[in-house]
>>> print(open('work.txt').read())   # compact mmCIF, N, CA and C atoms
# COMPACT_ATOMS: atom_id res chain seq x y z
N MET A 1 0.84 -1.18 0.00
CA MET A 1 0.00 0.00 0.00
C MET A 1 0.89 1.25 0.00
N ARG A 2 0.49 2.24 -0.80
CA ARG A 2 1.26 3.47 -0.90
C ARG A 2 1.11 4.30 0.36
N GLN A 3 2.18 5.00 0.70
CA GLN A 3 2.13 5.90 1.85
C GLN A 3 1.43 7.19 1.46
N ARG A 4 0.84 7.81 2.45
CA ARG A 4 0.21 9.11 2.23
C ARG A 4 1.29 10.16 2.06
N PRO A 5 1.04 11.19 1.26
CA PRO A 5 2.02 12.26 1.10
C PRO A 5 2.23 12.98 2.44
N SER A 6 3.42 13.45 2.66
CA SER A 6 3.73 14.16 3.90
C SER A 6 3.06 15.53 3.90
N PRO A 7 2.82 16.09 5.07
CA PRO A 7 2.24 17.44 5.13
C PRO A 7 3.13 18.47 4.42
N GLU A 8 4.44 18.29 4.48
CA GLU A 8 5.35 19.22 3.81
C GLU A 8 5.17 19.17 2.30
N LEU A 9 5.04 17.96 1.77
CA LEU A 9 4.84 17.81 0.33
C LEU A 9 3.51 18.43 -0.08
N LEU A 10 2.47 18.18 0.67
CA LEU A 10 1.17 18.75 0.34
C LEU A 10 1.21 20.28 0.40
N ASP A 11 1.90 20.83 1.39
CA ASP A 11 2.03 22.29 1.47
C ASP A 11 2.77 22.84 0.26
N ALA A 12 3.84 22.17 -0.16
CA ALA A 12 4.61 22.62 -1.32
C ALA A 12 3.76 22.55 -2.59
N LEU A 13 2.99 21.50 -2.74
CA LEU A 13 2.12 21.36 -3.92
C LEU A 13 1.06 22.46 -3.93
N ARG A 14 0.47 22.73 -2.79
CA ARG A 14 -0.55 23.78 -2.71
C ARG A 14 0.04 25.16 -3.01
N ARG A 15 1.25 25.40 -2.50
CA ARG A 15 1.93 26.67 -2.77
C ARG A 15 2.19 26.83 -4.27
N GLY A 16 2.67 25.76 -4.88
CA GLY A 16 2.93 25.80 -6.32
C GLY A 16 1.67 26.05 -7.12
N LYS A 17 0.58 25.42 -6.69
CA LYS A 17 -0.69 25.61 -7.38
C LYS A 17 -1.17 27.06 -7.27
N ARG A 18 -1.01 27.65 -6.09
CA ARG A 18 -1.38 29.06 -5.92
C ARG A 18 -0.53 29.97 -6.81
N GLU A 19 0.76 29.65 -6.94
CA GLU A 19 1.64 30.46 -7.79
C GLU A 19 1.24 30.36 -9.26
N ILE A 20 0.93 29.16 -9.70
CA ILE A 20 0.50 28.97 -11.09
C ILE A 20 -0.78 29.75 -11.35
N HIS A 21 -1.74 29.65 -10.43
CA HIS A 21 -3.01 30.36 -10.60
C HIS A 21 -2.81 31.87 -10.61
N ALA A 22 -1.88 32.36 -9.79
CA ALA A 22 -1.60 33.80 -9.77
C ALA A 22 -1.03 34.25 -11.11
N ARG A 23 -0.11 33.46 -11.69
CA ARG A 23 0.45 33.81 -13.00
C ARG A 23 -0.62 33.77 -14.07
N GLN A 24 -1.48 32.76 -14.03
CA GLN A 24 -2.54 32.66 -15.03
C GLN A 24 -3.53 33.82 -14.90
N ARG A 25 -3.83 34.20 -13.68
CA ARG A 25 -4.77 35.29 -13.44
C ARG A 25 -4.25 36.61 -14.02
N ASP A 26 -2.93 36.79 -14.01
CA ASP A 26 -2.33 38.03 -14.48
C ASP A 26 -2.09 38.07 -15.99
N LEU A 27 -2.38 36.99 -16.69
CA LEU A 27 -2.18 36.97 -18.14
C LEU A 27 -3.17 37.92 -18.83
N PRO A 28 -2.77 38.52 -19.94
CA PRO A 28 -3.71 39.34 -20.70
C PRO A 28 -4.78 38.45 -21.35
N LEU A 29 -5.94 39.03 -21.57
CA LEU A 29 -7.07 38.28 -22.11
C LEU A 29 -6.75 37.55 -23.42
N PRO A 30 -6.06 38.18 -24.39
CA PRO A 30 -5.77 37.44 -25.63
C PRO A 30 -4.96 36.15 -25.38
N GLU A 31 -4.06 36.17 -24.41
CA GLU A 31 -3.29 34.97 -24.10
C GLU A 31 -4.17 33.91 -23.46
N LYS A 32 -5.11 34.32 -22.61
CA LYS A 32 -6.04 33.36 -22.00
C LYS A 32 -6.89 32.69 -23.08
N VAL A 33 -7.36 33.49 -24.03
CA VAL A 33 -8.17 32.95 -25.12
C VAL A 33 -7.33 31.99 -25.97
N ARG A 34 -6.08 32.36 -26.26
CA ARG A 34 -5.20 31.49 -27.04
C ARG A 34 -5.01 30.15 -26.34
N GLN A 35 -4.84 30.17 -25.03
CA GLN A 35 -4.66 28.93 -24.28
C GLN A 35 -5.92 28.06 -24.31
N VAL A 36 -7.08 28.69 -24.18
CA VAL A 36 -8.34 27.94 -24.23
C VAL A 36 -8.50 27.28 -25.60
N LEU A 37 -8.22 28.02 -26.66
CA LEU A 37 -8.34 27.46 -28.00
C LEU A 37 -7.36 26.30 -28.21
N GLU A 38 -6.15 26.43 -27.70
CA GLU A 38 -5.17 25.36 -27.82
C GLU A 38 -5.64 24.11 -27.07
N LEU A 39 -6.18 24.29 -25.88
CA LEU A 39 -6.69 23.15 -25.11
C LEU A 39 -7.88 22.49 -25.82
N GLN A 40 -8.72 23.29 -26.46
CA GLN A 40 -9.85 22.72 -27.21
C GLN A 40 -9.35 21.88 -28.38
N LYS A 41 -8.29 22.32 -29.04
CA LYS A 41 -7.74 21.54 -30.16
C LYS A 41 -7.18 20.21 -29.66
N ILE A 42 -6.51 20.24 -28.52
CA ILE A 42 -5.97 19.00 -27.94
C ILE A 42 -7.12 18.06 -27.58
N ASP A 43 -8.15 18.61 -26.94
CA ASP A 43 -9.31 17.81 -26.55
C ASP A 43 -10.01 17.22 -27.77
N TYR A 44 -10.10 18.02 -28.84
CA TYR A 44 -10.74 17.55 -30.06
C TYR A 44 -10.01 16.34 -30.64
N GLU A 45 -8.68 16.40 -30.66
CA GLU A 45 -7.91 15.27 -31.20
C GLU A 45 -8.14 14.00 -30.38
N ILE A 46 -8.22 14.14 -29.09
CA ILE A 46 -8.47 12.98 -28.23
C ILE A 46 -9.87 12.42 -28.49
N ARG A 47 -10.86 13.32 -28.54
CA ARG A 47 -12.23 12.87 -28.79
C ARG A 47 -12.38 12.25 -30.18
N LYS A 48 -11.68 12.81 -31.17
CA LYS A 48 -11.75 12.30 -32.53
C LYS A 48 -11.23 10.87 -32.59
N GLN A 49 -10.16 10.60 -31.85
CA GLN A 49 -9.60 9.25 -31.83
C GLN A 49 -10.56 8.26 -31.20
N ARG A 50 -11.35 8.72 -30.26
CA ARG A 50 -12.31 7.84 -29.59
C ARG A 50 -13.56 7.65 -30.44
N GLY A 51 -13.80 8.54 -31.40
CA GLY A 51 -14.93 8.43 -32.31
C GLY A 51 -16.20 9.02 -31.72
N GLY A 52 -17.22 9.08 -32.58
CA GLY A 52 -18.54 9.53 -32.14
C GLY A 52 -18.67 11.01 -31.88
N LEU A 53 -17.96 11.84 -32.64
CA LEU A 53 -18.08 13.28 -32.46
C LEU A 53 -19.33 13.83 -33.13
N ARG A 54 -19.93 14.79 -32.47
CA ARG A 54 -21.05 15.50 -33.07
C ARG A 54 -20.49 16.75 -33.78
N SER A 55 -21.24 17.29 -34.71
CA SER A 55 -20.74 18.42 -35.51
C SER A 55 -20.40 19.62 -34.63
N TRP A 56 -21.14 19.84 -33.57
CA TRP A 56 -20.89 21.00 -32.72
C TRP A 56 -19.69 20.81 -31.79
N GLU A 57 -19.11 19.63 -31.75
CA GLU A 57 -17.97 19.38 -30.88
C GLU A 57 -16.62 19.73 -31.52
N LYS A 58 -16.65 20.06 -32.81
CA LYS A 58 -15.41 20.44 -33.49
C LYS A 58 -15.09 21.90 -33.16
N PRO A 59 -13.86 22.19 -32.73
CA PRO A 59 -13.52 23.57 -32.41
C PRO A 59 -13.51 24.45 -33.66
N TRP A 60 -13.80 25.71 -33.47
CA TRP A 60 -13.77 26.65 -34.57
C TRP A 60 -12.35 26.82 -35.08
N ASP A 61 -12.22 27.01 -36.36
CA ASP A 61 -10.91 27.23 -36.97
C ASP A 61 -10.60 28.72 -36.95
N ILE A 62 -10.22 29.21 -35.78
CA ILE A 62 -9.91 30.63 -35.62
C ILE A 62 -8.57 30.77 -34.91
N GLU A 63 -7.97 31.90 -35.07
CA GLU A 63 -6.73 32.23 -34.38
C GLU A 63 -6.98 33.48 -33.54
N PRO A 64 -6.53 33.48 -32.30
CA PRO A 64 -6.77 34.67 -31.44
C PRO A 64 -5.94 35.87 -31.86
>>> encode(input="work.txt", output="structure tokens")
Amino acid sequence: MRQRPSPELLDALRRGKREIHARQRDLPLPEKVRQVLELQKIDYEIRKQRGGLRSWEKPWDIEP
């Protein structure tokens, strides 16, 4: 059975997560939109490989 993470490790992970969120929060809107569009393209490729996509599930072909 795996050991539970130590409190120090959990604190470090939470600190890192807060730092990442702070950096993301400070990004300009065009960069946030670019990231969302990139994630949608990645998600689309995964869904396409699994099959059964509906027409509305394909991301728009736009550039921010």
>>> atom_distance(input="work.txt", atom1="atom CA of A:Lys58", atom2="atom CA of A:Gln35")
16.5 Å
>>> atom_distance(input="work.txt", atom1="atom CA of A:Leu53", atom2="atom CA of A:Val36")
19.4 Å
>>> closest_residue(input="work.txt", among="A:Trp56, A:Ile20, A:Glu63, A:Asp11", to="A:Arg34", atoms="all atoms listed in the file")
A:Glu63
>>> atom_distance(input="work.txt", atom1="atom CA of A:Trp60", atom2="atom CA of A:Glu38")
11.0 Å
>>> axis_aligned_box(input="work.txt", around="stretch 12-16 of chain A", padding_each_side="6 Å", output="lines of an AutoDock Vina configuration file")
center_x = 2.0
center_y = 24.1
center_z = -3.6
size_x = 17.2
size_y = 17.5
size_z = 19.0
>>> select_by_dssp(input="work.txt", residues="chain A", states="alpha helix (DSSP H)", output="MDAnalysis selection string")
chainID A and resid 7:25 29:50
>>> closest_residue(input="work.txt", among="A:Ile62, A:Leu9, A:Met1, A:Leu27", to="A:Gln40", atoms="only C-alpha atoms")
A:Ile62
>>> decode(input="work.txt", residues="stretch 19-30 of chain A", atoms="all heavy atoms", output="compact mmCIF listing (two decimals), in the first residue's frame")
# COMPACT_ATOMS: atom_id res chain seq x y z
N GLU A 19 0.76 29.65 -6.94
CA GLU A 19 1.64 30.46 -7.79
C GLU A 19 1.24 30.36 -9.26
O GLU A 19 1.22 31.37 -9.98
CB GLU A 19 3.09 30.02 -7.60
CG GLU A 19 3.66 30.37 -6.24
CD GLU A 19 5.00 29.72 -5.97
OE1 GLU A 19 5.57 29.09 -6.89
OE2 GLU A 19 5.48 29.84 -4.83
N ILE A 20 0.93 29.16 -9.70
CA ILE A 20 0.50 28.97 -11.09
C ILE A 20 -0.78 29.75 -11.35
O ILE A 20 -0.92 30.43 -12.37
CB ILE A 20 0.31 27.47 -11.40
CG1 ILE A 20 1.66 26.77 -11.47
CG2 ILE A 20 -0.48 27.27 -12.70
CD1 ILE A 20 1.56 25.27 -11.55
N HIS A 21 -1.74 29.65 -10.43
CA HIS A 21 -3.01 30.36 -10.60
C HIS A 21 -2.81 31.87 -10.61
O HIS A 21 -3.47 32.58 -11.37
CB HIS A 21 -4.00 29.96 -9.52
CG HIS A 21 -4.55 28.58 -9.71
ND1 HIS A 21 -5.33 27.94 -8.78
CD2 HIS A 21 -4.44 27.71 -10.74
CE1 HIS A 21 -5.67 26.74 -9.22
NE2 HIS A 21 -5.13 26.59 -10.42
N ALA A 22 -1.88 32.36 -9.79
CA ALA A 22 -1.60 33.80 -9.77
C ALA A 22 -1.03 34.25 -11.11
O ALA A 22 -1.42 35.30 -11.65
CB ALA A 22 -0.64 34.14 -8.64
N ARG A 23 -0.11 33.46 -11.69
CA ARG A 23 0.45 33.81 -13.00
C ARG A 23 -0.62 33.77 -14.07
O ARG A 23 -0.68 34.65 -14.95
CB ARG A 23 1.60 32.87 -13.36
CG ARG A 23 2.87 33.17 -12.61
CD ARG A 23 4.08 32.49 -13.24
NE ARG A 23 3.93 31.06 -13.43
CZ ARG A 23 4.31 30.13 -12.55
NH1 ARG A 23 4.86 30.48 -11.42
NH2 ARG A 23 4.15 28.84 -12.82
N GLN A 24 -1.48 32.76 -14.03
CA GLN A 24 -2.54 32.66 -15.03
C GLN A 24 -3.53 33.82 -14.90
O GLN A 24 -3.99 34.35 -15.90
CB GLN A 24 -3.29 31.33 -14.87
CG GLN A 24 -2.50 30.13 -15.31
CD GLN A 24 -3.23 28.84 -15.02
OE1 GLN A 24 -4.01 28.73 -14.07
NE2 GLN A 24 -2.97 27.83 -15.85
N ARG A 25 -3.83 34.20 -13.68
CA ARG A 25 -4.77 35.29 -13.44
C ARG A 25 -4.25 36.61 -14.02
O ARG A 25 -5.01 37.43 -14.51
CB ARG A 25 -5.02 35.42 -11.94
CG ARG A 25 -6.04 36.44 -11.54
CD ARG A 25 -6.27 36.49 -10.03
NE ARG A 25 -5.04 36.62 -9.28
CZ ARG A 25 -4.56 35.69 -8.43
NH1 ARG A 25 -5.22 34.56 -8.24
NH2 ARG A 25 -3.44 35.88 -7.77
N ASP A 26 -2.93 36.79 -14.01
CA ASP A 26 -2.33 38.03 -14.48
C ASP A 26 -2.09 38.07 -15.99
O ASP A 26 -1.65 39.10 -16.51
CB ASP A 26 -1.01 38.29 -13.74
CG ASP A 26 -1.22 38.53 -12.25
OD1 ASP A 26 -2.34 38.93 -11.87
OD2 ASP A 26 -0.28 38.31 -11.48
N LEU A 27 -2.38 36.99 -16.69
CA LEU A 27 -2.18 36.97 -18.14
C LEU A 27 -3.17 37.92 -18.83
O LEU A 27 -4.30 38.08 -18.37
CB LEU A 27 -2.39 35.56 -18.69
CG LEU A 27 -1.33 34.52 -18.37
CD1 LEU A 27 -1.78 33.15 -18.85
CD2 LEU A 27 0.00 34.90 -18.99
N PRO A 28 -2.77 38.52 -19.94
CA PRO A 28 -3.71 39.34 -20.70
C PRO A 28 -4.78 38.45 -21.35
O PRO A 28 -4.55 37.27 -21.63
CB PRO A 28 -2.85 40.02 -21.76
CG PRO A 28 -1.59 39.23 -21.82
CD PRO A 28 -1.43 38.53 -20.51
N LEU A 29 -5.94 39.03 -21.57
CA LEU A 29 -7.07 38.28 -22.11
C LEU A 29 -6.75 37.55 -23.42
O LEU A 29 -7.11 36.37 -23.56
CB LEU A 29 -8.29 39.19 -22.28
CG LEU A 29 -9.56 38.50 -22.73
CD1 LEU A 29 -9.98 37.40 -21.76
CD2 LEU A 29 -10.68 39.52 -22.88
N PRO A 30 -6.06 38.18 -24.39
CA PRO A 30 -5.77 37.44 -25.63
C PRO A 30 -4.96 36.15 -25.38
O PRO A 30 -5.18 35.14 -26.05
CB PRO A 30 -4.96 38.44 -26.46
CG PRO A 30 -5.41 39.77 -25.97
CD PRO A 30 -5.65 39.58 -24.50
